[in-house]
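Student: query_28.cif (mmCIF, C-alpha atoms) pasted underneath:
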data_data
loop_
_atom_site.label_atom_id
_atom_site.label_comp_id
_atom_site.auth_asym_id
_atom_site.auth_seq_id
_atom_site.Cartn_x
_atom_site.Cartn_y
_atom_site.Cartn_z
CA MET A 207 18.33 9.51 56.65
CA SER A 208 18.68 11.16 60.01
CA GLN A 209 20.84 14.09 58.90
CA LEU A 210 19.37 17.34 57.70
CA VAL A 211 19.86 17.69 53.96
CA GLU A 212 20.50 21.26 52.95
CA PRO A 213 21.32 22.54 49.47
CA VAL A 214 24.61 24.38 49.08
CA GLU A 215 25.47 27.09 46.63
CA VAL A 216 26.95 25.87 43.37
CA THR A 217 30.26 27.71 43.04
CA TYR A 218 33.07 27.51 40.51
CA LYS A 219 35.32 26.03 43.18
CA ARG A 220 32.89 23.20 43.97
CA ALA A 221 32.28 22.60 40.26
CA ALA A 222 36.04 22.43 39.66
CA ILE A 223 36.48 19.94 42.51
CA LEU A 224 33.75 17.70 41.06
CA TRP A 225 35.11 18.04 37.54
CA TRP A 226 38.63 17.09 38.60
CA ASN A 227 37.45 14.12 40.67
CA MET A 228 35.53 12.86 37.67
CA ALA A 229 38.00 13.76 34.92
CA TRP A 230 41.31 12.28 36.06
CA PRO A 231 40.11 8.68 36.59
CA ILE A 232 38.30 8.73 33.25
CA TRP A 233 41.27 10.17 31.37
CA GLY A 234 43.67 7.79 33.06
CA SER A 235 41.61 4.72 32.35
CA ILE A 236 40.98 5.70 28.73
CA PHE A 237 44.71 6.31 28.29
CA LEU A 238 45.60 2.98 29.89
CA LEU A 239 43.02 1.16 27.78
CA GLN A 240 44.03 2.97 24.61
CA ILE A 241 47.73 2.03 24.63
CA PRO A 242 47.36 -1.77 24.39
CA ILE A 243 44.37 -1.59 22.06
CA ALA A 244 46.09 0.87 19.71
CA SER A 245 49.22 -1.30 19.73
CA LEU A 246 47.18 -4.38 18.90
CA PHE A 247 45.35 -2.56 16.11
CA GLU A 248 48.68 -1.42 14.67
CA TYR A 249 50.01 -4.98 14.76
CA LEU A 250 46.85 -6.31 13.08
CA GLN A 251 47.06 -3.77 10.22
CA SER A 252 49.38 -6.07 8.29
CA TRP A 253 46.85 -8.92 8.47
CA ASP A 254 43.81 -8.86 6.26
CA ASN A 255 41.21 -11.56 6.69
CA LEU A 256 37.70 -11.98 8.09
CA PHE A 257 38.87 -13.18 11.52
CA VAL A 258 41.04 -10.10 12.02
CA THR A 259 38.20 -7.80 10.94
CA ILE A 260 35.79 -9.44 13.39
CA PHE A 261 38.47 -9.31 16.09
CA LYS A 262 38.99 -5.57 15.48
CA ILE A 263 35.25 -4.93 15.73
CA GLY A 264 35.09 -6.94 18.96
CA LEU A 265 38.08 -5.08 20.34
CA GLY A 266 36.48 -1.75 19.51
CA LEU A 267 33.22 -2.77 21.17
CA PHE A 268 35.15 -3.97 24.22
CA TRP A 269 36.90 -0.59 24.42
CA ILE A 270 33.56 1.26 24.22
CA PHE A 271 32.08 -1.01 26.92
CA MET A 272 35.07 -0.42 29.20
CA VAL A 273 34.89 3.36 28.77
CA ILE A 274 31.18 3.36 29.66
CA TRP A 275 31.84 1.06 32.64
CA VAL A 276 34.63 3.35 33.90
CA HIS A 277 32.31 6.36 33.65
CA ILE A 278 29.65 4.57 35.69
CA VAL A 279 32.17 3.49 38.34
CA VAL A 280 33.59 7.02 38.59
CA VAL A 281 30.15 8.63 38.94
CA GLN A 282 29.15 6.03 41.53
CA GLY A 283 32.34 6.85 43.44
CA LEU A 284 31.47 10.56 43.40
CA PHE A 285 28.28 9.80 45.33
CA LYS A 286 30.27 7.99 48.02
CA GLN A 287 33.03 10.57 48.33
CA LYS A 288 33.03 13.49 50.75
CA PHE A 289 34.45 16.73 49.40
CA ARG A 290 35.51 19.92 51.15
CA GLY A 291 32.38 20.74 53.11
CA PHE A 292 29.87 18.95 50.89
CA LYS A 293 28.92 15.64 49.32
CA ILE A 294 26.76 14.74 46.35
CA MET A 295 23.38 13.12 46.94
CA MET A 296 20.48 12.02 44.84
CA VAL A 297 17.22 13.26 46.30
CA THR A 298 13.84 12.10 45.10
CA ASP A 299 11.38 14.70 43.97
CA GLU A 300 8.45 12.43 44.85
CA PRO A 301 6.68 13.28 48.11
CA THR A 302 7.14 10.92 51.02
CA ALA A 303 4.18 9.12 52.61
CA GLU A 304 4.19 11.62 55.46
CA GLU A 305 4.14 14.60 53.07
CA THR A 306 1.35 12.98 51.07
CA SER A 307 -0.81 12.44 54.16
CA ILE A 308 -0.19 16.03 55.30
CA ARG A 309 -1.22 17.32 51.86
CA GLU A 310 -4.37 15.16 51.95
CA ILE A 311 -5.27 16.52 55.40
CA GLU A 312 -4.66 20.10 54.24
CA GLU A 313 -6.82 19.51 51.15
CA THR A 314 -9.63 18.02 53.26
CA VAL A 315 -9.51 20.97 55.68
CA ARG A 316 -9.52 23.43 52.78
CA LYS A 317 -12.58 21.75 51.21
CA GLN A 318 -14.40 21.74 54.55
CA MET A 319 -13.60 25.44 55.02
CA GLU A 320 -14.93 26.21 51.53
CA GLN A 321 -18.14 24.27 52.24
CA HIS A 322 -18.54 26.07 55.54
CA HIS A 323 -18.10 29.47 53.89
CA ASN A 324 -20.54 28.53 51.10
CA ILE A 325 -23.19 27.56 53.66
CA THR A 326 -22.91 30.76 55.72
#
Just dump the structure as structure tokens.

Tutor:
Amino acid sequence: MSQLVEPVEVTYKRAAILWWNMAWPIWGSIFLLQIPIASLFEYLQSWDNLFVTIFKIGLGLFWIFMVIWVHIVVVQGLFKQKFRGFKIMMVTDEPTAEETSIREIEETVRKQMEQHHNIT
């Protein structure tokens, strides 16, 4: 990444922007999924056999799967979206190869300095 990555202050305004951009698609999709499923469940209440019970369980599992999928899609979209003056990024906390080699060089120099001071 060629751009300089710089942390920004976490403010209530930025938190509210993120919350809203995550909340409305999730609420909307849950609402849109809930209406047909609830209607179908209501219709199936009058039926009572093994097939209907298995169908209800499958429908419930499908609803749970869809809600989880929508959450994942919304969060993925948040990483692609630019907000007012900031964007969300995932940054690794593992050192890069360059940082590792610099640390190794610094450690080697430190050990050599200690050996030199112990000799003199």

Student: Of the residues A:Val211, A:Trp225, A:Gln318, A:Pro231, which is the one nearest to A:His277, using only C-alpha atoms?

Tutor: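 For A:His277, the nearest of the given residues is A:Pro231.
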
Student: Got a sec to resolve the PyMOL selection byres ((chain A and resi 295) around 10) on this structure and send the residues as a ChimeraX atom specification?

Tutor: /A:211,213,284-286,292-294,296-298

Student: Rank nothing, just name the residue among A:His323, A:Arg309, A:Arg290, A:Lys317 nearest to A:Ala222, using only C-alpha atoms.

Tutor: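 Among A:His323, A:Arg309, A:Arg290, A:Lys317, it is A:Arg290 that comes nearest to A:Ala222.
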
Student: Contacts of A:Val276 at 7 Å or less, counting only C-alpha atoms, minus same-chain residues fewer than 4 places along, as a list in words?

Tutor: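 Those residues are Ile232, Met272 and Val280 of chain A.
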
Student: For this structure, which residues satisfy the selection - the PyMOL selection byres ((chain A and resi 233-247) around 8) - when it is evaluated on the file as given? I want them as a list in words.

Tutor: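 Listing what the PyMOL selection byres ((chain A and resi 233-247) around 8) selects in the shown file: Ala229, Trp230, Pro231, Ile232, Glu248, Tyr249, Leu250, Gln251, Lys262, Leu265, Trp269, Val273 and Val276 of chain A.
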
Student: Between A:Gly291, A:Asn227, A:Phe268, A:Gln282, which is the closest to A:Glu212 once you count all atoms listed in the file?

Tutor: A:Gly291

Student: Between atom CA of A:Phe257 and atom CA of A:Phe271, what distance in Å does the model show, to one decimal?

Tutor: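 Interatomic distance, atom CA of A:Phe257 to atom CA of A:Phe271: 20.8 Å.
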
Student: Find, counting only C-alpha atoms, the residue in A:Ser252, A:Glu320, A:Arg220, A:Met228 that gets nearest to A:Val281.

Tutor: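 The shortest atom-to-atom distance to A:Val281 comes from A:Met228.
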
Student: Just to confirm, what's the straight-line distance from atom CA of A:Ile308 to atom CA of A:Gln321 in Å (one decimal)?

Tutor: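 Interatomic distance here is 20.0 Å.
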